[in-house]
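Okay, start_4.cif now, which holds mmCIF, C-alpha atoms:
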```cif
data_structure
loop_
_atom_site.label_atom_id
_atom_site.label_comp_id
_atom_site.auth_asym_id
_atom_site.auth_seq_id
_atom_site.Cartn_x
_atom_site.Cartn_y
_atom_site.Cartn_z
CA MET A 1116 0.00 0.00 0.00
CA PHE A 1117 1.18 3.52 -0.79
CA GLN A 1118 1.72 5.79 2.19
CA ILE A 1119 0.58 9.29 1.21
CA GLU A 1120 1.76 12.29 3.19
CA GLY A 1121 1.08 16.01 2.81
CA ASP A 1122 -1.44 18.10 0.91
CA ILE A 1123 -3.24 16.37 -1.98
CA LEU A 1124 -3.78 19.76 -3.64
CA LEU A 1125 -0.12 19.78 -4.65
CA PHE A 1126 -0.42 16.32 -6.21
CA MET A 1127 -3.49 17.45 -8.17
CA LEU A 1128 -1.35 19.95 -10.07
CA ILE A 1129 0.46 17.10 -11.82
CA LEU A 1130 -2.36 14.56 -11.72
CA LEU A 1131 -4.96 16.71 -13.51
CA PRO A 1132 -3.15 17.16 -16.86
CA ALA A 1133 -1.99 13.52 -16.85
CA ILE A 1134 -5.55 12.16 -16.53
CA ALA A 1135 -7.05 14.83 -18.81
CA ALA A 1136 -4.51 13.99 -21.56
CA PHE A 1137 -5.93 10.50 -22.06
CA ILE A 1138 -9.55 11.57 -21.59
CA CYS A 1139 -9.15 14.27 -24.26
CA PHE A 1140 -7.37 11.82 -26.57
CA TYR A 1141 -10.24 9.34 -26.26
CA ILE A 1142 -12.89 12.02 -26.81
CA GLY A 1143 -10.97 13.32 -29.82
CA ARG A 1144 -11.38 10.02 -31.62
CA PHE A 1145 -15.12 10.71 -31.90
CA GLN A 1146 -15.77 14.43 -31.23
CA THR A 1147 -12.97 16.85 -32.11
CA THR A 1148 -14.91 19.96 -31.08
CA ILE A 1149 -15.67 18.57 -27.62
CA ARG A 1150 -12.02 17.50 -27.37
CA ASP A 1151 -10.84 21.05 -28.09
CA TYR A 1152 -13.07 22.52 -25.38
CA CYS A 1153 -12.01 19.76 -22.99
CA VAL A 1154 -8.37 20.79 -23.52
CA TRP A 1155 -9.34 24.43 -22.93
CA GLY A 1156 -11.09 23.47 -19.71
CA THR A 1157 -8.08 21.48 -18.52
CA VAL A 1158 -5.52 24.25 -19.03
CA ILE A 1159 -7.81 26.88 -17.50
CA ILE A 1160 -8.55 24.70 -14.46
CA GLU A 1161 -4.82 23.97 -14.11
CA PHE A 1162 -4.07 27.70 -13.99
CA LEU A 1163 -6.82 28.34 -11.43
CA LEU A 1164 -5.64 25.34 -9.39
CA SER A 1165 -2.11 26.74 -9.29
CA LEU A 1166 -3.46 30.04 -7.96
CA ILE A 1167 -5.52 28.23 -5.30
CA THR A 1168 -2.47 26.18 -4.30
CA ILE A 1169 -0.42 29.35 -3.88
CA ILE A 1170 -3.12 30.84 -1.64
CA PHE A 1171 -3.02 27.73 0.56
CA TRP A 1172 0.79 27.80 0.60
CA SER A 1173 0.95 31.49 1.55
CA SER A 1174 -1.36 30.85 4.52
CA LYS A 1175 0.39 27.68 5.71
CA LYS A 1176 3.96 28.76 4.74
CA SER A 1177 4.69 25.10 4.07
CA LEU A 1178 3.16 22.79 1.50
CA TYR A 1179 4.48 19.36 0.61
CA PHE A 1180 3.32 16.02 -0.75
CA SER A 1181 5.12 12.69 -0.79
CA ILE A 1182 4.60 9.02 -1.54
CA PRO A 1183 7.79 7.56 -0.02
CA ASN A 1184 7.29 4.00 -1.31
CA PHE A 1185 6.30 4.96 -4.87
CA GLY A 1186 8.51 3.96 -7.83
CA ILE A 1187 12.30 3.99 -7.52
CA ASN A 1188 12.85 6.38 -4.66
CA GLY A 1189 9.41 7.81 -3.87
CA LEU A 1190 7.59 10.90 -5.12
CA TYR A 1191 8.45 14.16 -3.33
CA LEU A 1192 6.81 17.50 -4.12
CA GLU A 1193 7.00 20.83 -2.34
CA MET A 1194 5.86 24.42 -2.76
CA ASP A 1195 8.12 27.38 -2.01
CA GLY A 1196 8.62 30.87 -3.46
CA PHE A 1197 10.41 29.93 -6.69
CA ARG A 1198 8.25 26.86 -7.26
CA ALA A 1199 5.07 28.87 -6.71
CA LEU A 1200 6.27 31.42 -9.25
CA TYR A 1201 7.18 28.97 -12.00
CA CYS A 1202 4.32 26.61 -11.36
CA THR A 1203 1.97 29.54 -12.03
CA ILE A 1204 3.92 30.80 -15.05
CA ALA A 1205 3.93 27.29 -16.57
CA SER A 1206 0.17 26.85 -16.13
CA PHE A 1207 -0.48 30.37 -17.49
CA MET A 1208 1.66 29.74 -20.58
CA TRP A 1209 -0.04 26.39 -21.21
CA MET A 1210 -3.42 28.06 -20.91
CA CYS A 1211 -2.51 30.67 -23.54
CA ALA A 1212 -0.84 28.14 -25.87
CA GLY A 1213 -3.66 25.61 -25.44
CA ILE A 1214 -6.35 28.14 -26.34
CA PHE A 1215 -4.34 29.47 -29.30
CA SER A 1216 -3.70 25.93 -30.60
CA LYS A 1217 -7.33 25.42 -31.68
CA GLU A 1218 -7.14 28.15 -34.30
CA TYR A 1219 -3.53 27.52 -35.27
CA LEU A 1220 -4.05 23.80 -35.87
CA ASN A 1221 -7.36 24.25 -37.65
CA HIS A 1222 -6.09 22.69 -40.89
CA HIS A 1223 -3.39 20.46 -39.39
CA HIS A 1224 -3.44 16.68 -39.22
CA LYS A 1225 -3.01 14.49 -36.14
CA LYS A 1226 -4.30 17.12 -33.73
CA ASN A 1227 -5.35 14.40 -31.31
CA ARG A 1228 -1.75 13.33 -30.89
CA TYR A 1229 -0.64 16.95 -30.44
CA TYR A 1230 -3.12 17.60 -27.63
CA LEU A 1231 -2.24 14.32 -25.89
CA PHE A 1232 1.43 15.27 -25.66
CA LEU A 1233 0.65 18.92 -24.94
CA LEU A 1234 -1.03 17.90 -21.68
CA LEU A 1235 1.47 15.15 -20.86
CA THR A 1236 4.30 17.65 -21.17
CA LEU A 1237 2.43 19.99 -18.79
CA PHE A 1238 2.19 17.09 -16.33
CA ALA A 1239 5.94 16.46 -16.56
CA THR A 1240 6.95 20.14 -16.43
CA GLN A 1241 4.90 20.79 -13.30
CA GLY A 1242 6.52 17.69 -11.80
CA VAL A 1243 9.99 19.11 -12.48
CA PHE A 1244 9.27 22.48 -10.89
CA LEU A 1245 7.52 20.99 -7.83
CA SER A 1246 10.06 18.21 -7.19
CA THR A 1247 12.15 18.34 -4.06
CA ASP A 1248 14.22 15.21 -4.65
CA LEU A 1249 16.65 14.88 -7.56
CA ILE A 1250 15.40 11.43 -8.57
CA THR A 1251 11.87 12.84 -8.75
CA THR A 1252 13.28 15.72 -10.80
CA PHE A 1253 15.08 13.31 -13.12
CA VAL A 1254 12.02 11.13 -13.75
CA PHE A 1255 9.80 14.09 -14.65
CA PHE A 1256 12.64 15.72 -16.61
CA GLU A 1257 13.01 12.66 -18.85
CA ILE A 1258 9.25 12.35 -19.35
CA MET A 1259 9.21 16.02 -20.35
CA SER A 1260 12.03 15.48 -22.86
CA PHE A 1261 10.34 12.56 -24.61
CA THR A 1262 6.81 13.97 -24.65
CA SER A 1263 8.01 17.32 -26.06
CA TYR A 1264 9.84 15.43 -28.85
CA VAL A 1265 6.44 14.83 -30.44
CA TRP A 1266 5.97 18.61 -30.74
CA VAL A 1267 9.14 18.87 -32.80
CA VAL A 1268 8.10 16.16 -35.29
CA GLN A 1269 4.39 17.14 -35.34
CA GLU A 1270 4.50 18.41 -38.95
CA GLU A 1271 6.30 15.21 -40.10
CA THR A 1272 8.22 17.10 -42.79
CA LYS A 1273 11.79 16.19 -43.68
CA GLU A 1274 13.10 19.16 -41.68
CA ALA A 1275 10.90 18.32 -38.68
CA LEU A 1276 12.02 14.69 -38.57
CA LYS A 1277 15.68 15.70 -38.86
CA ALA A 1278 15.27 18.28 -36.07
CA GLY A 1279 13.50 15.61 -34.01
CA GLU A 1280 16.49 13.27 -34.41
CA THR A 1281 18.83 15.97 -33.09
CA TYR A 1282 16.46 16.81 -30.24
CA LEU A 1283 16.11 13.17 -29.24
CA ALA A 1284 19.85 12.47 -29.48
CA ILE A 1285 20.68 15.41 -27.20
CA ALA A 1286 17.89 14.39 -24.79
CA VAL A 1287 19.13 10.79 -24.53
CA ILE A 1288 22.83 11.65 -24.17
CA SER A 1289 22.21 14.42 -21.63
CA GLY A 1290 19.80 12.18 -19.72
CA LEU A 1291 22.41 9.43 -19.40
CA VAL A 1292 25.07 11.90 -18.22
CA LEU A 1293 22.60 13.40 -15.75
CA LEU A 1294 21.77 9.96 -14.36
CA MET A 1295 25.47 9.16 -14.04
CA GLY A 1296 25.93 12.37 -12.04
CA LEU A 1297 23.02 11.46 -9.74
CA PHE A 1298 24.45 7.98 -9.08
CA LEU A 1299 27.85 9.47 -8.28
CA LEU A 1300 26.30 12.11 -6.03
CA TYR A 1301 24.27 9.51 -4.16
CA THR A 1302 27.31 7.29 -3.50
CA GLN A 1303 29.08 10.28 -1.94
CA THR A 1304 26.22 11.74 0.09
CA GLY A 1305 23.69 8.95 0.65
CA THR A 1306 20.80 11.27 -0.24
CA LEU A 1307 19.30 13.15 -3.17
CA LYS A 1308 16.84 15.24 -1.12
CA MET A 1309 17.49 18.85 -2.08
CA ASP A 1310 17.22 20.20 1.47
CA LYS A 1311 19.78 17.68 2.77
CA LEU A 1312 22.32 17.77 -0.05
CA LEU A 1313 24.28 20.86 0.98
CA SER A 1314 25.28 19.58 4.42
CA ALA A 1315 25.88 16.08 3.03
CA CYS A 1316 28.15 17.41 0.26
CA ARG A 1317 30.22 19.45 2.73
CA MET A 1318 30.85 16.29 4.76
CA ALA A 1319 31.77 14.18 1.70
CA LYS A 1320 35.14 12.44 1.92
CA GLU A 1321 36.04 13.14 -1.71
CA PRO A 1322 35.08 16.71 -2.76
CA ARG A 1323 36.57 16.05 -6.21
CA LEU A 1324 33.80 13.54 -6.94
CA ILE A 1325 31.18 16.08 -5.84
CA TYR A 1326 32.54 18.43 -8.52
CA ILE A 1327 32.45 15.68 -11.15
CA ALA A 1328 28.85 14.83 -10.23
CA SER A 1329 27.87 18.51 -10.32
CA PHE A 1330 29.34 19.05 -13.78
CA CYS A 1331 27.50 15.95 -14.99
CA LEU A 1332 24.32 17.61 -13.72
CA LEU A 1333 25.33 20.83 -15.50
CA PHE A 1334 25.72 18.85 -18.73
CA GLY A 1335 22.33 17.16 -18.33
CA PHE A 1336 20.33 20.22 -17.32
CA GLY A 1337 22.30 22.59 -19.57
CA ALA A 1338 21.34 20.59 -22.66
CA LYS A 1339 17.65 21.27 -22.05
CA ALA A 1340 18.36 24.92 -21.23
CA GLY A 1341 20.06 25.39 -24.61
CA MET A 1342 23.50 26.10 -23.12
CA PHE A 1343 26.61 26.06 -25.33
CA PRO A 1344 27.88 23.59 -26.60
CA LEU A 1345 24.64 21.59 -26.22
CA HIS A 1346 22.50 24.22 -27.92
CA ILE A 1347 22.39 22.60 -31.37
CA TRP A 1348 18.82 21.28 -30.97
CA LEU A 1349 17.34 24.69 -30.21
CA PRO A 1350 17.73 26.55 -33.58
CA LYS A 1351 16.54 23.39 -35.38
CA ALA A 1352 13.54 22.43 -33.25
CA HIS A 1353 11.78 25.77 -32.81
CA PRO A 1354 11.25 26.68 -36.49
CA VAL A 1355 9.64 23.31 -37.34
CA ALA A 1356 7.39 22.93 -34.28
CA PRO A 1357 3.90 24.48 -34.25
CA ALA A 1358 4.03 28.06 -32.93
CA PRO A 1359 2.22 27.32 -29.62
CA ALA A 1360 4.65 24.45 -28.97
CA SER A 1361 7.62 26.68 -29.88
CA ALA A 1362 6.41 29.21 -27.32
CA LEU A 1363 6.45 26.52 -24.62
CA LEU A 1364 9.75 25.01 -25.76
CA SER A 1365 11.43 28.40 -25.62
CA GLY A 1366 9.61 30.02 -22.74
CA ILE A 1367 9.23 27.24 -20.18
CA LEU A 1368 11.03 23.99 -21.08
CA THR A 1369 14.39 25.76 -21.23
CA LYS A 1370 13.64 27.07 -17.71
CA ALA A 1371 13.28 23.49 -16.48
CA GLY A 1372 16.93 23.09 -17.45
CA VAL A 1373 17.83 26.36 -15.73
CA PHE A 1374 15.94 25.13 -12.64
CA GLY A 1375 18.25 22.11 -12.47
CA ILE A 1376 21.33 24.34 -12.77
CA LEU A 1377 20.00 26.62 -10.00
CA VAL A 1378 19.38 23.59 -7.76
CA THR A 1379 22.94 22.37 -8.34
CA GLY A 1380 24.41 25.80 -7.60
CA SER A 1381 22.37 26.38 -4.44
CA ASN A 1382 21.98 22.89 -2.96
CA ILE A 1383 25.29 21.24 -3.86
CA LEU A 1384 27.95 23.91 -4.60
CA LEU A 1385 26.58 26.92 -2.74
CA HIS A 1386 28.76 30.04 -3.23
CA ASP A 1387 31.44 27.96 -4.98
CA SER A 1388 33.76 30.18 -7.02
CA LEU A 1389 34.91 27.48 -9.48
CA TRP A 1390 31.33 26.47 -10.27
CA GLY A 1391 30.38 30.13 -10.73
CA LYS A 1392 33.26 30.81 -13.12
CA VAL A 1393 32.45 27.80 -15.30
CA VAL A 1394 28.75 28.71 -15.51
CA LEU A 1395 29.68 32.36 -16.16
CA LEU A 1396 32.01 31.37 -19.02
CA LEU A 1397 29.48 29.03 -20.65
CA GLY A 1398 26.73 31.62 -20.15
CA THR A 1399 28.80 34.34 -21.84
CA ILE A 1400 29.54 32.13 -24.86
CA THR A 1401 25.87 31.12 -25.09
CA MET A 1402 24.77 34.75 -24.85
CA VAL A 1403 27.09 36.04 -27.60
CA LEU A 1404 26.71 33.05 -29.92
CA GLY A 1405 22.91 33.13 -29.71
CA ALA A 1406 22.88 36.82 -30.59
CA ILE A 1407 25.13 36.22 -33.62
CA TYR A 1408 22.94 33.35 -34.81
CA ALA A 1409 19.84 35.53 -34.45
CA LEU A 1410 21.38 38.37 -36.46
CA CYS A 1411 22.30 36.00 -39.28
CA SER A 1412 18.89 34.29 -39.46
CA ILE A 1413 16.17 35.23 -41.95
CA ASN A 1414 13.60 32.73 -40.60
CA LEU A 1415 11.33 34.48 -38.08
CA LYS A 1416 10.94 31.52 -35.69
CA ARG A 1417 14.62 30.59 -35.97
CA THR A 1418 15.52 34.19 -35.11
CA LEU A 1419 13.32 33.98 -32.01
CA ALA A 1420 14.87 30.60 -31.12
CA CYS A 1421 18.42 31.97 -31.38
CA SER A 1422 17.31 34.98 -29.36
CA SER A 1423 16.11 32.53 -26.69
CA MET A 1424 19.53 30.91 -26.68
CA SER A 1425 21.10 34.34 -26.12
CA GLN A 1426 18.68 35.16 -23.30
CA ILE A 1427 19.42 31.83 -21.62
CA GLY A 1428 23.05 32.97 -21.75
CA PHE A 1429 22.09 36.14 -19.84
CA ILE A 1430 20.34 33.99 -17.22
CA LEU A 1431 23.38 31.71 -16.88
CA VAL A 1432 25.64 34.73 -16.51
CA GLY A 1433 23.47 35.87 -13.60
CA THR A 1434 23.59 32.36 -12.13
CA GLY A 1435 27.38 32.24 -12.36
CA ILE A 1436 27.77 35.69 -10.82
CA SER A 1437 25.44 34.64 -7.98
CA SER A 1438 27.90 31.88 -7.04
CA ILE A 1439 31.00 34.06 -7.43
CA LEU A 1440 29.61 36.85 -5.23
CA GLY A 1441 28.85 34.43 -2.38
CA GLU A 1442 26.75 35.93 0.38
CA GLU A 1443 26.66 39.32 -1.40
CA ASN A 1444 24.67 37.90 -4.30
CA GLN A 1445 21.16 39.19 -3.54
CA LEU A 1446 21.06 41.60 -6.50
CA ALA A 1447 22.38 38.94 -8.91
CA VAL A 1448 19.83 36.37 -7.70
CA ARG A 1449 16.93 38.79 -8.07
CA GLY A 1450 18.11 39.86 -11.52
CA THR A 1451 18.43 36.24 -12.64
CA ILE A 1452 14.92 35.30 -11.50
CA LEU A 1453 13.45 38.51 -12.95
CA HIS A 1454 15.01 37.84 -16.35
CA MET A 1455 13.74 34.25 -16.30
CA VAL A 1456 10.18 35.52 -15.80
CA ASN A 1457 10.71 38.28 -18.37
CA HIS A 1458 11.97 35.85 -21.01
CA SER A 1459 9.24 33.27 -20.39
CA LEU A 1460 6.37 35.72 -20.81
CA LEU A 1461 7.82 37.73 -23.70
CA LYS A 1462 8.75 34.63 -25.71
CA LEU A 1463 5.19 33.40 -25.24
CA VAL A 1464 3.91 36.60 -26.86
CA LEU A 1465 6.55 36.63 -29.61
CA PHE A 1466 6.05 33.03 -30.74
CA LEU A 1467 2.27 33.35 -30.71
CA ALA A 1468 2.62 36.54 -32.77
CA ALA A 1469 4.86 34.62 -35.18
CA GLY A 1470 2.11 32.01 -35.34
CA VAL A 1471 -0.45 34.67 -36.31
CA ILE A 1472 1.83 35.86 -39.14
CA TYR A 1473 2.33 32.30 -40.37
CA MET A 1474 -1.41 31.60 -40.26
CA ASN A 1475 -2.00 34.60 -42.54
CA LEU A 1476 0.95 34.34 -44.93
CA HIS A 1477 2.16 30.72 -44.58
CA GLU A 1478 5.61 32.23 -44.67
CA LEU A 1479 8.43 32.73 -42.13
CA ASP A 1480 11.09 34.33 -44.35
CA LEU A 1481 11.68 37.81 -42.93
CA ASN A 1482 12.50 39.21 -46.37
CA LYS A 1483 9.10 38.06 -47.66
CA ILE A 1484 6.91 39.04 -44.71
CA ARG A 1485 8.44 42.47 -44.18
CA GLY A 1486 5.78 45.15 -44.07
CA PHE A 1487 3.10 42.71 -42.96
CA GLY A 1488 2.32 44.74 -39.85
CA LYS A 1489 1.64 47.97 -41.74
CA ASP A 1490 -1.93 49.24 -41.28
CA LYS A 1491 -2.86 46.13 -39.28
CA PRO A 1492 -5.01 46.62 -36.15
#
```

Give the structure from the file, written as structure tokens.
Amino acid sequence: MFQIEGDILLFMLILLPAIAAFICFYIGRFQTTIRDYCVWGTVIIEFLLSLITIIFWSSKKSLYFSIPNFGINGLYLEMDGFRALYCTIASFMWMCAGIFSKEYLNHHHKKNRYYLFLLLTLFATQGVFLSTDLITTFVFFEIMSFTSYVWVVQEETKEALKAGETYLAIAVISGLVLLMGLFLLYTQTGTLKMDKLLSACRMAKEPRLIYIASFCLLFGFGAKAGMFPLHIWLPKAHPVAPAPASALLSGILTKAGVFGILVTGSNILLHDSLWGKVVLLLGTITMVLGAIYALCSINLKRTLACSSMSQIGFILVGTGISSILGEENQLAVRGTILHMVNHSLLKLVLFLAAGVIYMNLHELDLNKIRGFGKDKP
């Protein structure tokens, strides 16, 4: 028997989209219009549920849920300030993208499959942001990677399938390296609970292995964030995915990778100068390279994707500086979180706007769509 502890409201945030995904898929086999409204209802209820959960959390100051004897290591979820913020942003972005998808996919094929994996990816993403144990994070992170792969290949064109191969290859390789880092970390500390890792790492007999494990985690999480040199999937995947999916890939799935990097920097190598310098260096390269790619691109969605890569670089620079500054890092931390929120919401708007242009012109070449906005309401 499963032993359930904590507030079930927190569990509902990940359970709702998982159950709704299969219900909507089944309905869609017979009634596509009802299916569309069922998806709308799910994403709207998910957003409202996240707001209700935050209200409960703010009154109780502590909200957690766990099933210790579930799966490999148990299921551990928790609500705190950062998690409350990104749980709400994720549900808001899915609500906007889900509602927009109905019009955007009006003449597309295999919409049933798209909606199934849209909701399953929401389930996995919420699981990542609410997780408080690195094995729980890893399980949801891998589910998120594989369910979002379907977005990339949704169009089933030659370019989409090729981009999907790259996306899947990076996801598998980074996932294996991430798992290797978790195994190594567990052998040194005996725990993967985020709130216990810092003290356990400081008492580890071989600090060198803690660094190796941490850089394995940086590799695994950095790949999803779009960090150099693991960024190659990002400029390929975004242009071929449907615009609502591109908005989520850029605005929120990359932040799941950043979340993992933040956890590593604050729960394993807190205020570590070497860690900060490495992240700062990689962030600077990502920032500059993404900007150059964007300037050289003539595809609207690819330009936005490369811009996302550059903005992730800005966020990583802030993360690196936060570690280097040690206890004087309050301004850097606030700036990093602020830019994460800024990028998530603005990329949602930009990709949906790109979707509107594509729906009208069926064109993404900037040289061909220039002037489209003139005299438009």

Considering all atoms listed in the file, state which residue in the set A:Val1158, A:Leu1192, A:Met1318, A:Ala1338 is at the smallest distance from Leu1368 (chain A). A:Ala1338

I would like the residues chosen by the PyMOL selection byres ((chain A and resi 1295) around 12) on the shown file; could you give them as an MDAnalysis selection string? chainID A and resid 1250 1253 1288:1294 1296:1302 1324 1327:1335

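Take CA of Leu1307 (chain A) and CA of Val1373 (chain A): the distance between them is 18.3 Å.
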
Apply the PyMOL selection byres ((chain A and resi 1402) around 12) to the structure shown and report the selected residues as a compact mmCIF listing (two decimals) with C-alpha atoms, in the frame of the given file.
```txt
# COMPACT_ATOMS: atom_id res chain seq x y z
CA GLY A 1341 20.06 25.39 -24.61
CA MET A 1342 23.50 26.10 -23.12
CA PHE A 1343 26.61 26.06 -25.33
CA PRO A 1344 27.88 23.59 -26.60
CA HIS A 1346 22.50 24.22 -27.92
CA VAL A 1394 28.75 28.71 -15.51
CA LEU A 1395 29.68 32.36 -16.16
CA LEU A 1396 32.01 31.37 -19.02
CA LEU A 1397 29.48 29.03 -20.65
CA GLY A 1398 26.73 31.62 -20.15
CA THR A 1399 28.80 34.34 -21.84
CA ILE A 1400 29.54 32.13 -24.86
CA THR A 1401 25.87 31.12 -25.09
CA VAL A 1403 27.09 36.04 -27.60
CA LEU A 1404 26.71 33.05 -29.92
CA GLY A 1405 22.91 33.13 -29.71
CA ALA A 1406 22.88 36.82 -30.59
CA ILE A 1407 25.13 36.22 -33.62
CA TYR A 1408 22.94 33.35 -34.81
CA ALA A 1409 19.84 35.53 -34.45
CA CYS A 1421 18.42 31.97 -31.38
CA SER A 1422 17.31 34.98 -29.36
CA SER A 1423 16.11 32.53 -26.69
CA MET A 1424 19.53 30.91 -26.68
CA SER A 1425 21.10 34.34 -26.12
CA GLN A 1426 18.68 35.16 -23.30
CA ILE A 1427 19.42 31.83 -21.62
CA GLY A 1428 23.05 32.97 -21.75
CA PHE A 1429 22.09 36.14 -19.84
CA ILE A 1430 20.34 33.99 -17.22
CA LEU A 1431 23.38 31.71 -16.88
CA VAL A 1432 25.64 34.73 -16.51
CA GLY A 1433 23.47 35.87 -13.60
```

Taking only C-alpha atoms into account, produce a table as JSON lines in which each residue of region 1186-1209 of chain A with an atom at most 9 Å from an atom of region 1232-1243 of chain A appears once, together with its shortest atom pair and the distance in Å to one decimal, ordered by chain and rising number.
```
{"residue": "A:Leu1192", "atom": "CA", "partner": "A:Gly1242", "partner_atom": "CA", "distance": 7.7}
{"residue": "A:Tyr1201", "atom": "CA", "partner": "A:Gln1241", "partner_atom": "CA", "distance": 8.6}
{"residue": "A:Cys1202", "atom": "CA", "partner": "A:Gln1241", "partner_atom": "CA", "distance": 6.2}
{"residue": "A:Ala1205", "atom": "CA", "partner": "A:Gln1241", "partner_atom": "CA", "distance": 7.3}
{"residue": "A:Ser1206", "atom": "CA", "partner": "A:Leu1237", "partner_atom": "CA", "distance": 7.7}
{"residue": "A:Trp1209", "atom": "CA", "partner": "A:Leu1237", "partner_atom": "CA", "distance": 7.3}
```

When the PyMOL selection byres ((chain A and resi 1414) around 8) is applied to the file above, which residues end up in the set, as a PyMOL selection string? chain A and resi 1354+1412-1413+1415-1418+1479-1481

Please provide as an MDAnalysis selection string all residues within 8 Å of Ala1212 (chain A), with the sequence filter that same-chain residues fewer than 5 positions apart are discarded (counting all atoms listed in the file). chainID A and resid 1359:1360 1362:1363 1467

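Nearest to Met1259 (chain A) of all the residues A:Ala1275, A:Val1287, A:Val1456, A:Leu1128 is A:Val1287, counting only C-alpha atoms.
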
What are the closest atom pairs, with distances in Å to one decimal, for all residues of region 1305-1400 of chain A lying within 12 Å of region 1450-1455 of chain A? Consider all atoms listed in the file, order rows by chain and residue number, and present the result as JSON lines.
```
{"residue": "A:Ala1340", "atom": "CA", "partner": "A:Met1455", "partner_atom": "CA", "distance": 11.5}
{"residue": "A:Ser1365", "atom": "CA", "partner": "A:Met1455", "partner_atom": "CA", "distance": 11.2}
{"residue": "A:Gly1366", "atom": "CA", "partner": "A:Met1455", "partner_atom": "CA", "distance": 8.7}
{"residue": "A:Ile1367", "atom": "CA", "partner": "A:Met1455", "partner_atom": "CA", "distance": 9.2}
{"residue": "A:Leu1368", "atom": "CA", "partner": "A:Met1455", "partner_atom": "CA", "distance": 11.6}
{"residue": "A:Thr1369", "atom": "CA", "partner": "A:Met1455", "partner_atom": "CA", "distance": 9.8}
{"residue": "A:Lys1370", "atom": "CA", "partner": "A:Met1455", "partner_atom": "CA", "distance": 7.3}
{"residue": "A:Ala1371", "atom": "CA", "partner": "A:Met1455", "partner_atom": "CA", "distance": 10.8}
{"residue": "A:Gly1372", "atom": "CA", "partner": "A:Met1455", "partner_atom": "CA", "distance": 11.7}
{"residue": "A:Val1373", "atom": "CA", "partner": "A:Met1455", "partner_atom": "CA", "distance": 8.9}
{"residue": "A:Phe1374", "atom": "CA", "partner": "A:Met1455", "partner_atom": "CA", "distance": 10.1}
{"residue": "A:Leu1377", "atom": "CA", "partner": "A:Thr1451", "partner_atom": "CA", "distance": 10.1}
```

Suppose we keep C-alpha atoms; can you now write the selection as an mmCIF file, keeping the file's coordinate frame?
```cif
data_model
loop_
_atom_site.group_PDB
_atom_site.id
_atom_site.type_symbol
_atom_site.label_atom_id
_atom_site.label_comp_id
_atom_site.auth_asym_id
_atom_site.auth_seq_id
_atom_site.Cartn_x
_atom_site.Cartn_y
_atom_site.Cartn_z
ATOM 1 C CA ALA A 1340 18.360 24.920 -21.230
ATOM 2 C CA SER A 1365 11.430 28.400 -25.620
ATOM 3 C CA GLY A 1366 9.610 30.020 -22.740
ATOM 4 C CA ILE A 1367 9.230 27.240 -20.180
ATOM 5 C CA LEU A 1368 11.030 23.990 -21.080
ATOM 6 C CA THR A 1369 14.390 25.760 -21.230
ATOM 7 C CA LYS A 1370 13.640 27.070 -17.710
ATOM 8 C CA ALA A 1371 13.280 23.490 -16.480
ATOM 9 C CA GLY A 1372 16.930 23.090 -17.450
ATOM 10 C CA VAL A 1373 17.830 26.360 -15.730
ATOM 11 C CA PHE A 1374 15.940 25.130 -12.640
ATOM 12 C CA LEU A 1377 20.000 26.620 -10.000
#
```

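Between Thr1251 (chain A) and the candidates A:Val1267, A:Gln1303, A:Thr1203, A:Gly1375, the tightest atom-to-atom separation, counting only C-alpha atoms, involves A:Gly1375.
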